[in-house]
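A.B. asks: The following file, start14.cif, comprises mmCIF, C-alpha atoms:
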```
data_data
loop_
_atom_site.group_PDB
_atom_site.id
_atom_site.type_symbol
_atom_site.label_atom_id
_atom_site.label_comp_id
_atom_site.auth_asym_id
_atom_site.auth_seq_id
_atom_site.Cartn_x
_atom_site.Cartn_y
_atom_site.Cartn_z
ATOM 1 C CA VAL A 1 8.935 -8.249 -13.589
ATOM 2 C CA LYS A 2 8.211 -6.904 -17.083
ATOM 3 C CA TYR A 3 4.525 -7.863 -16.852
ATOM 4 C CA ALA A 4 4.273 -6.530 -13.299
ATOM 5 C CA ILE A 5 5.587 -3.127 -14.392
ATOM 6 C CA GLN A 6 3.143 -3.045 -17.315
ATOM 7 C CA ALA A 7 0.285 -3.923 -14.943
ATOM 8 C CA GLN A 8 1.273 -0.960 -12.738
ATOM 9 C CA LEU A 9 0.330 1.468 -15.532
ATOM 10 C CA VAL A 10 -3.235 0.117 -15.552
ATOM 11 C CA VAL A 11 -3.337 0.184 -11.750
ATOM 12 C CA PHE A 12 -2.076 3.777 -11.687
ATOM 13 C CA ALA A 13 -4.803 4.891 -14.109
ATOM 14 C CA LEU A 14 -7.522 3.161 -12.044
ATOM 15 C CA VAL A 15 -6.261 4.686 -8.789
ATOM 16 C CA ILE A 16 -6.193 8.200 -10.308
ATOM 17 C CA LEU A 17 -9.755 7.772 -11.635
ATOM 18 C CA SER A 18 -10.812 6.451 -8.229
ATOM 19 C CA ILE A 19 -9.371 9.489 -6.416
ATOM 20 C CA ILE A 20 -11.093 11.851 -8.880
ATOM 21 C CA SER A 21 -14.377 10.000 -8.289
ATOM 22 C CA ILE A 22 -13.978 10.405 -4.524
ATOM 23 C CA PHE A 23 -13.414 14.158 -4.691
ATOM 24 C CA LEU A 24 -16.331 14.615 -7.098
ATOM 25 C CA GLY A 25 -18.646 12.966 -4.552
ATOM 26 C CA GLY A 26 -19.614 13.639 -0.955
ATOM 27 C CA ASP A 27 -21.022 17.126 -1.559
ATOM 28 C CA TRP A 28 -18.163 18.405 0.594
ATOM 29 C CA TRP A 29 -18.134 21.822 -1.120
ATOM 30 C CA THR A 30 -21.629 22.616 0.246
ATOM 31 C CA SER A 31 -21.130 21.171 3.755
ATOM 32 C CA VAL A 32 -19.589 22.392 6.985
ATOM 33 C CA LEU A 33 -16.740 20.623 8.796
ATOM 34 C CA SER A 34 -18.435 18.056 11.053
ATOM 35 C CA VAL A 35 -15.254 16.715 12.686
ATOM 36 C CA PRO A 36 -12.866 18.994 14.615
ATOM 37 C CA ALA A 37 -9.521 19.320 12.841
ATOM 38 C CA LEU A 38 -7.629 19.677 16.130
ATOM 39 C CA GLY A 39 -8.370 18.597 19.685
ATOM 40 C CA ASN A 40 -8.657 15.582 21.933
ATOM 41 C CA PHE A 41 -10.171 12.386 20.530
ATOM 42 C CA PRO A 42 -11.108 10.004 23.350
ATOM 43 C CA ASP A 43 -11.862 6.981 21.133
ATOM 44 C CA LEU A 44 -8.386 6.630 19.627
ATOM 45 C CA GLY A 45 -5.005 8.016 20.627
ATOM 46 C CA PHE A 46 -2.022 9.013 18.512
ATOM 47 C CA TRP A 47 -0.357 5.570 18.437
ATOM 48 C CA SER A 48 -3.560 3.754 17.443
ATOM 49 C CA LEU A 49 -3.995 6.114 14.498
ATOM 50 C CA PHE A 50 -0.301 5.874 13.639
ATOM 51 C CA ALA A 51 -0.601 2.061 13.541
ATOM 52 C CA LEU A 52 -3.571 2.485 11.204
ATOM 53 C CA PHE A 53 -1.762 4.935 8.933
ATOM 54 C CA PHE A 54 1.723 3.392 8.857
ATOM 55 C CA PRO A 55 0.971 0.339 6.644
ATOM 56 C CA ALA A 56 -0.394 2.728 4.025
ATOM 57 C CA VAL A 57 3.121 4.015 3.271
ATOM 58 C CA THR A 58 4.941 0.677 3.393
ATOM 59 C CA GLY A 59 4.342 0.331 -0.350
ATOM 60 C CA LEU A 60 7.540 2.369 -0.634
ATOM 61 C CA MET A 61 9.436 -0.710 0.514
ATOM 62 C CA ALA A 62 8.240 -2.627 -2.544
ATOM 63 C CA GLY A 63 9.893 -0.033 -4.766
ATOM 64 C CA VAL A 64 13.106 -0.215 -2.753
ATOM 65 C CA GLY A 65 12.985 -4.015 -3.000
ATOM 66 C CA MET A 66 12.999 -3.733 -6.797
ATOM 67 C CA SER A 67 16.285 -1.792 -6.761
ATOM 68 C CA GLY A 68 18.066 -4.541 -8.681
ATOM 69 C CA GLU A 69 15.817 -3.834 -11.682
ATOM 70 C CA LEU A 70 16.621 -0.094 -11.786
ATOM 71 C CA THR A 71 19.197 1.458 -14.106
ATOM 72 C CA ASP A 72 20.494 3.937 -11.482
ATOM 73 C CA PRO A 73 19.206 2.917 -8.003
ATOM 74 C CA LYS A 74 21.464 5.428 -6.219
ATOM 75 C CA LYS A 75 19.514 8.324 -7.758
ATOM 76 C CA GLN A 76 16.172 6.705 -8.550
ATOM 77 C CA ILE A 77 15.371 5.254 -5.097
ATOM 78 C CA PRO A 78 15.732 8.512 -3.076
ATOM 79 C CA ARG A 79 13.913 10.494 -5.760
ATOM 80 C CA GLY A 80 11.116 7.925 -6.018
ATOM 81 C CA VAL A 81 10.703 7.640 -2.250
ATOM 82 C CA MET A 82 10.524 11.416 -1.744
ATOM 83 C CA TRP A 83 8.019 11.881 -4.578
ATOM 84 C CA ALA A 84 5.892 8.990 -3.320
ATOM 85 C CA LEU A 85 5.888 10.348 0.246
ATOM 86 C CA GLY A 86 5.097 13.878 -0.909
ATOM 87 C CA VAL A 87 2.225 12.929 -3.226
ATOM 88 C CA THR A 88 0.641 10.428 -0.818
ATOM 89 C CA THR A 89 0.891 12.895 2.096
ATOM 90 C CA ILE A 90 -0.969 15.547 0.076
ATOM 91 C CA ILE A 91 -3.666 13.022 -0.931
ATOM 92 C CA TYR A 92 -4.035 11.734 2.660
ATOM 93 C CA LEU A 93 -4.357 15.247 4.108
ATOM 94 C CA ALA A 94 -6.902 16.170 1.432
ATOM 95 C CA MET A 95 -8.850 12.990 2.252
ATOM 96 C CA VAL A 96 -8.912 13.899 5.945
ATOM 97 C CA PHE A 97 -10.697 17.156 5.156
ATOM 98 C CA TRP A 98 -12.888 15.475 2.520
ATOM 99 C CA PHE A 99 -14.112 13.014 5.167
ATOM 100 C CA GLY A 100 -14.544 15.836 7.678
ATOM 101 C CA TYR A 101 -16.783 17.795 5.312
ATOM 102 C CA SER A 102 -18.572 14.818 3.736
ATOM 103 C CA ALA A 103 -19.499 12.633 6.721
ATOM 104 C CA ARG A 104 -20.607 12.695 10.332
ATOM 105 C CA PRO A 105 -18.321 11.327 13.086
ATOM 106 C CA GLU A 106 -20.584 8.334 13.788
ATOM 107 C CA GLN A 107 -20.464 7.362 10.103
ATOM 108 C CA LEU A 108 -16.669 7.506 10.116
ATOM 109 C CA ILE A 109 -16.536 5.157 13.103
ATOM 110 C CA SER A 110 -19.140 2.619 12.004
ATOM 111 C CA ASP A 111 -18.960 2.415 8.188
ATOM 112 C CA ASN A 112 -15.796 0.901 6.673
ATOM 113 C CA LEU A 113 -17.003 1.465 3.088
ATOM 114 C CA LEU A 114 -18.169 5.040 3.548
ATOM 115 C CA VAL A 115 -15.734 6.337 0.933
ATOM 116 C CA VAL A 116 -17.307 3.991 -1.638
ATOM 117 C CA GLU A 117 -20.834 5.102 -0.761
ATOM 118 C CA LEU A 118 -20.059 8.828 -0.915
ATOM 119 C CA ALA A 119 -17.992 8.823 -4.120
ATOM 120 C CA ALA A 120 -19.432 9.955 -7.439
ATOM 121 C CA SER A 121 -18.927 6.435 -8.820
ATOM 122 C CA SER A 122 -18.913 3.621 -6.244
ATOM 123 C CA SER A 123 -17.816 0.985 -8.754
ATOM 124 C CA LEU A 124 -14.846 3.113 -9.845
ATOM 125 C CA VAL A 125 -13.663 3.486 -6.240
ATOM 126 C CA LEU A 126 -14.035 -0.258 -5.626
ATOM 127 C CA LEU A 127 -11.991 -0.889 -8.772
ATOM 128 C CA GLY A 128 -9.344 1.533 -7.502
ATOM 129 C CA ILE A 129 -9.191 -0.212 -4.107
ATOM 130 C CA LEU A 130 -8.908 -3.648 -5.708
ATOM 131 C CA ALA A 131 -6.292 -2.410 -8.200
ATOM 132 C CA ALA A 132 -4.181 -0.818 -5.452
ATOM 133 C CA THR A 133 -4.406 -3.984 -3.339
ATOM 134 C CA PHE A 134 -3.447 -6.135 -6.328
ATOM 135 C CA SER A 135 -0.550 -3.787 -7.105
ATOM 136 C CA SER A 136 0.813 -3.965 -3.548
ATOM 137 C CA ALA A 137 0.508 -7.744 -3.481
ATOM 138 C CA LEU A 138 2.140 -8.145 -6.889
ATOM 139 C CA THR A 139 5.100 -5.831 -6.276
ATOM 140 C CA THR A 140 5.735 -7.302 -2.818
ATOM 141 C CA PHE A 141 5.534 -10.837 -4.218
ATOM 142 C CA ILE A 142 8.153 -9.875 -6.827
ATOM 143 C CA ALA A 143 10.357 -7.842 -4.466
ATOM 144 C CA ALA A 144 10.462 -10.271 -1.506
ATOM 145 C CA PRO A 145 12.284 -13.114 -3.324
ATOM 146 C CA ARG A 146 14.723 -10.581 -4.791
ATOM 147 C CA LEU A 147 15.653 -9.562 -1.253
ATOM 148 C CA LEU A 148 15.688 -13.139 0.034
ATOM 149 C CA GLN A 149 18.002 -14.412 -2.712
ATOM 150 C CA PRO A 150 20.914 -11.985 -1.995
ATOM 151 C CA LEU A 151 20.564 -12.686 1.741
ATOM 152 C CA GLY A 152 21.116 -16.367 0.966
ATOM 153 C CA GLU A 153 23.919 -15.517 -1.451
ATOM 154 C CA HIS A 154 25.783 -13.662 1.315
ATOM 155 C CA SER A 155 25.132 -16.448 3.872
ATOM 156 C CA LEU A 156 22.896 -14.349 6.123
ATOM 157 C CA LEU A 157 20.096 -16.951 6.431
ATOM 158 C CA PHE A 158 19.523 -20.595 7.210
ATOM 159 C CA PHE A 159 19.516 -22.827 4.103
ATOM 160 C CA ASN A 160 21.623 -20.242 2.262
ATOM 161 C CA GLY A 161 22.371 -22.590 -0.630
ATOM 162 C CA PHE A 162 18.652 -23.149 -1.249
ATOM 163 C CA PHE A 163 17.734 -19.441 -1.264
ATOM 164 C CA SER A 164 20.766 -18.240 -3.240
ATOM 165 C CA LYS A 165 20.019 -20.305 -6.366
ATOM 166 C CA LYS A 166 18.841 -18.598 -9.556
ATOM 167 C CA THR A 167 17.497 -19.940 -12.834
ATOM 168 C CA SER A 168 19.441 -19.528 -16.066
ATOM 169 C CA SER A 169 17.397 -16.356 -16.750
ATOM 170 C CA GLY A 170 18.321 -14.884 -13.353
ATOM 171 C CA GLU A 171 15.045 -15.547 -11.531
ATOM 172 C CA PRO A 172 15.283 -16.439 -7.799
ATOM 173 C CA ARG A 173 13.058 -19.528 -8.183
ATOM 174 C CA ASN A 174 13.594 -21.119 -4.739
ATOM 175 C CA ALA A 175 13.105 -17.811 -2.922
ATOM 176 C CA THR A 176 9.946 -17.254 -5.001
ATOM 177 C CA LEU A 177 8.568 -20.708 -4.096
ATOM 178 C CA PHE A 178 9.253 -20.052 -0.404
ATOM 179 C CA THR A 179 7.510 -16.663 -0.643
ATOM 180 C CA ALA A 180 4.577 -18.267 -2.474
ATOM 181 C CA GLY A 181 4.256 -20.765 0.401
ATOM 182 C CA ILE A 182 3.992 -17.950 2.953
ATOM 183 C CA VAL A 183 1.405 -16.176 0.769
ATOM 184 C CA ALA A 184 -0.649 -19.380 0.404
ATOM 185 C CA ILE A 185 -0.675 -19.986 4.172
ATOM 186 C CA THR A 186 -1.666 -16.368 4.823
ATOM 187 C CA LEU A 187 -4.513 -16.541 2.290
ATOM 188 C CA ALA A 188 -5.691 -19.831 3.806
ATOM 189 C CA ILE A 189 -6.233 -18.061 7.138
ATOM 190 C CA GLY A 190 -8.966 -16.167 5.311
ATOM 191 C CA SER A 191 -9.335 -13.237 7.705
ATOM 192 C CA LEU A 192 -7.786 -9.846 7.038
ATOM 193 C CA ASP A 193 -8.613 -8.760 10.607
ATOM 194 C CA THR A 194 -6.388 -11.590 11.896
ATOM 195 C CA ILE A 195 -3.481 -10.623 9.634
ATOM 196 C CA ALA A 196 -3.725 -6.821 9.994
ATOM 197 C CA PRO A 197 -2.236 -6.559 13.563
ATOM 198 C CA VAL A 198 0.739 -8.674 12.470
ATOM 199 C CA LEU A 199 1.371 -6.439 9.452
ATOM 200 C CA THR A 200 1.062 -3.325 11.613
ATOM 201 C CA MET A 201 3.529 -4.760 14.147
ATOM 202 C CA PHE A 202 6.142 -5.403 11.446
#
```
How does the structure come out when it is put into structure tokens?
C.D. replies:
Amino acid sequence: VKYAIQAQLVVFALVILSIISIFLGGDWWTSVLSVPALGNFPDLGFWSLFALFFPAVTGLMAGVGMSGELTDPKKQIPRGVMWALGVTTIIYLAMVFWFGYSARPEQLISDNLLVVELAASSSLVLLGILAATFSSALTTFIAAPRLLQPLGEHSLLFFNGFFSKKTSSGEPRNATLFTAGIVAITLAIGSLDTIAPVLTMF
């Protein structure tokens, strides 16, 4: 947990630099809005876009899952969640208009890496994407066993005795091994497009 929290500081710096690089690129300040801000969009409806957007804010759950490591979870979790929602909402809305001014509709539909291509520094944005992905994976991998272990401790699962065990230093080793098994199987599938609908459903 200690190393994961230290890694988050590096990740945070890379993500901030990545966002700055995005807004410095695209020549959006000299362009006109190429995508209507309001109206009917025949290609995708509200729920399709909601399913696309929703996993982007599930990182909040990783923070909630780490509540056992906080000094005052009762105050820190609500405050952290509200700040995270507020900041990410502002960034997402700004990105919507950045894309609208920087790219044509056909580019937005066909090019998954358009944000990388339009940014002032492509490599910095790629680093930011990789850092954010690593951060989400790391915090979820740490948080999941810490939720699984208390569930076993309170006899809410099958094999409660197995999941409830901790090491002498307080680490939920069995729950971590089980989580690692799920991660390994998921990685072995090797296709994000296969996994994405399942994540969106949950």
A.B. asks: Step by step, work through what the PyMOL selection byres ((chain A and resi 21-23) around 7) selects in the shown file, and finish by giving those residues as a list in words.
C.D. replies: Leu17, Ser18, Ile19, Ile20, Leu24, Gly25, Ala119, Ala120, Ser121 and Val125 of chain A
A.B. asks: Which one of A:Leu148, A:Leu70, A:Ala103, A:Ala143 sits closest to Asp27 (chain A) if you count all atoms listed in the file?
C.D. replies: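 When distances to Asp27 (chain A) are compared using all atoms listed in the file, the smallest one comes from A:Ala103.
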A.B. asks: Taking the file as shown, find all residues satisfying the PyMOL selection byres ((chain A and resi 98) around 12) and write them as a PyMOL selection string.
C.D. replies: chain A and resi 19+22-35+37+91-97+99-104+108+114-115+118-119
A.B. asks: Could you dump the residues just selected with C-alpha atoms as a PDB file, in the coordinates of the input?
C.D. replies:
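Result went into out-v7.pdb, see below:
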```pdb
ATOM      1  CA  ILE A  19      -9.371   9.489  -6.416  1.00  0.00           C
ATOM      2  CA  ILE A  22     -13.978  10.405  -4.524  1.00  0.00           C
ATOM      3  CA  PHE A  23     -13.414  14.158  -4.691  1.00  0.00           C
ATOM      4  CA  LEU A  24     -16.331  14.615  -7.098  1.00  0.00           C
ATOM      5  CA  GLY A  25     -18.646  12.966  -4.552  1.00  0.00           C
ATOM      6  CA  GLY A  26     -19.614  13.639  -0.955  1.00  0.00           C
ATOM      7  CA  ASP A  27     -21.022  17.126  -1.559  1.00  0.00           C
ATOM      8  CA  TRP A  28     -18.163  18.405   0.594  1.00  0.00           C
ATOM      9  CA  TRP A  29     -18.134  21.822  -1.120  1.00  0.00           C
ATOM     10  CA  THR A  30     -21.629  22.616   0.246  1.00  0.00           C
ATOM     11  CA  SER A  31     -21.130  21.171   3.755  1.00  0.00           C
ATOM     12  CA  VAL A  32     -19.589  22.392   6.985  1.00  0.00           C
ATOM     13  CA  LEU A  33     -16.740  20.623   8.796  1.00  0.00           C
ATOM     14  CA  SER A  34     -18.435  18.056  11.053  1.00  0.00           C
ATOM     15  CA  VAL A  35     -15.254  16.715  12.686  1.00  0.00           C
ATOM     16  CA  ALA A  37      -9.521  19.320  12.841  1.00  0.00           C
ATOM     17  CA  ILE A  91      -3.666  13.022  -0.931  1.00  0.00           C
ATOM     18  CA  TYR A  92      -4.035  11.734   2.660  1.00  0.00           C
ATOM     19  CA  LEU A  93      -4.357  15.247   4.108  1.00  0.00           C
ATOM     20  CA  ALA A  94      -6.902  16.170   1.432  1.00  0.00           C
ATOM     21  CA  MET A  95      -8.850  12.990   2.252  1.00  0.00           C
ATOM     22  CA  VAL A  96      -8.912  13.899   5.945  1.00  0.00           C
ATOM     23  CA  PHE A  97     -10.697  17.156   5.156  1.00  0.00           C
ATOM     24  CA  PHE A  99     -14.112  13.014   5.167  1.00  0.00           C
ATOM     25  CA  GLY A 100     -14.544  15.836   7.678  1.00  0.00           C
ATOM     26  CA  TYR A 101     -16.783  17.795   5.312  1.00  0.00           C
ATOM     27  CA  SER A 102     -18.572  14.818   3.736  1.00  0.00           C
ATOM     28  CA  ALA A 103     -19.499  12.633   6.721  1.00  0.00           C
ATOM     29  CA  ARG A 104     -20.607  12.695  10.332  1.00  0.00           C
ATOM     30  CA  LEU A 108     -16.669   7.506  10.116  1.00  0.00           C
ATOM     31  CA  LEU A 114     -18.169   5.040   3.548  1.00  0.00           C
ATOM     32  CA  VAL A 115     -15.734   6.337   0.933  1.00  0.00           C
ATOM     33  CA  LEU A 118     -20.059   8.828  -0.915  1.00  0.00           C
ATOM     34  CA  ALA A 119     -17.992   8.823  -4.120  1.00  0.00           C
TER      35      ALA A 119
END
```
A.B. asks: Distance CA of Lys166 (chain A)-CA of Gln149 (chain A), one decimal place?
C.D. replies: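 Result for CA of Lys166 (chain A) versus CA of Gln149 (chain A): 8.1 Å, one decimal.
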A.B. asks: Taking only C-alpha atoms into account, name the residue in A:Ile77, A:Ala184, A:Ile142, A:Met82 that is nearest to Glu171 (chain A).
C.D. replies: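 Counting only C-alpha atoms, the residue closest to Glu171 (chain A) is A:Ile142.
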A.B. asks: What gap, in Å, lies between CA of Val11 (chain A) and CA of Asp72 (chain A)?
C.D. replies: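 One can read the CA of Val11 (chain A) to CA of Asp72 (chain A) distance as 24.1 Å.
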A.B. asks: Can you turn the PyMOL selection byres ((chain A and resi 127-138) around 8) into a concrete residue list for this file, as a list in words?
C.D. replies: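 When the PyMOL selection byres ((chain A and resi 127-138) around 8) is applied, the selected residues are Ala4, Ala7, Gln8, Val11, Leu14, Val15, Ile16, Leu17, Ser18, Gly59, Ala62, Ser123, Leu124, Val125, Leu126, Thr139, Thr140, Phe141 and Ile142 of chain A.
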A.B. asks: What does the distance between CA of Thr179 (chain A) and CA of Leu147 (chain A) come to in Å, to one decimal place?
C.D. replies: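 If I compute the distance from CA of Thr179 (chain A) to CA of Leu147 (chain A), I get 10.8 Å.
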A.B. asks: Draw an axis-aligned box tight on the listed atoms of region 97-114 of chain A, then pad every side by 3 Å and write out centre and edge lengths in Å to one decimal as JSON.
C.D. replies:
```
{"center_x": -15.7, "center_y": 9.3, "center_z": 8.2, "size_x": 15.9, "size_y": 22.9, "size_z": 17.3}
```
A.B. asks: Between A:Arg146, A:Arg79, A:Lys2, A:Lys74, which has the minimum distance to Ala175 (chain A) (counting only C-alpha atoms)?
C.D. replies: A:Arg146
A.B. asks: Write out, as a Markdown table, each residue of region 73-174 of chain A that has an atom at most 12 Å from region 40-45 of chain A, together with the closest pair of atoms and their distance in Å to one decimal, counting only C-alpha atoms, rows going by chain and rising number.
C.D. replies:
```
| residue | atom | partner | partner_atom | distance |
| --- | --- | --- | --- | --- |
| A:Pro105 | CA | A:Phe41 | CA | 11.1 |
| A:Glu106 | CA | A:Asp43 | CA | 11.5 |
| A:Ile109 | CA | A:Asp43 | CA | 9.5 |
```
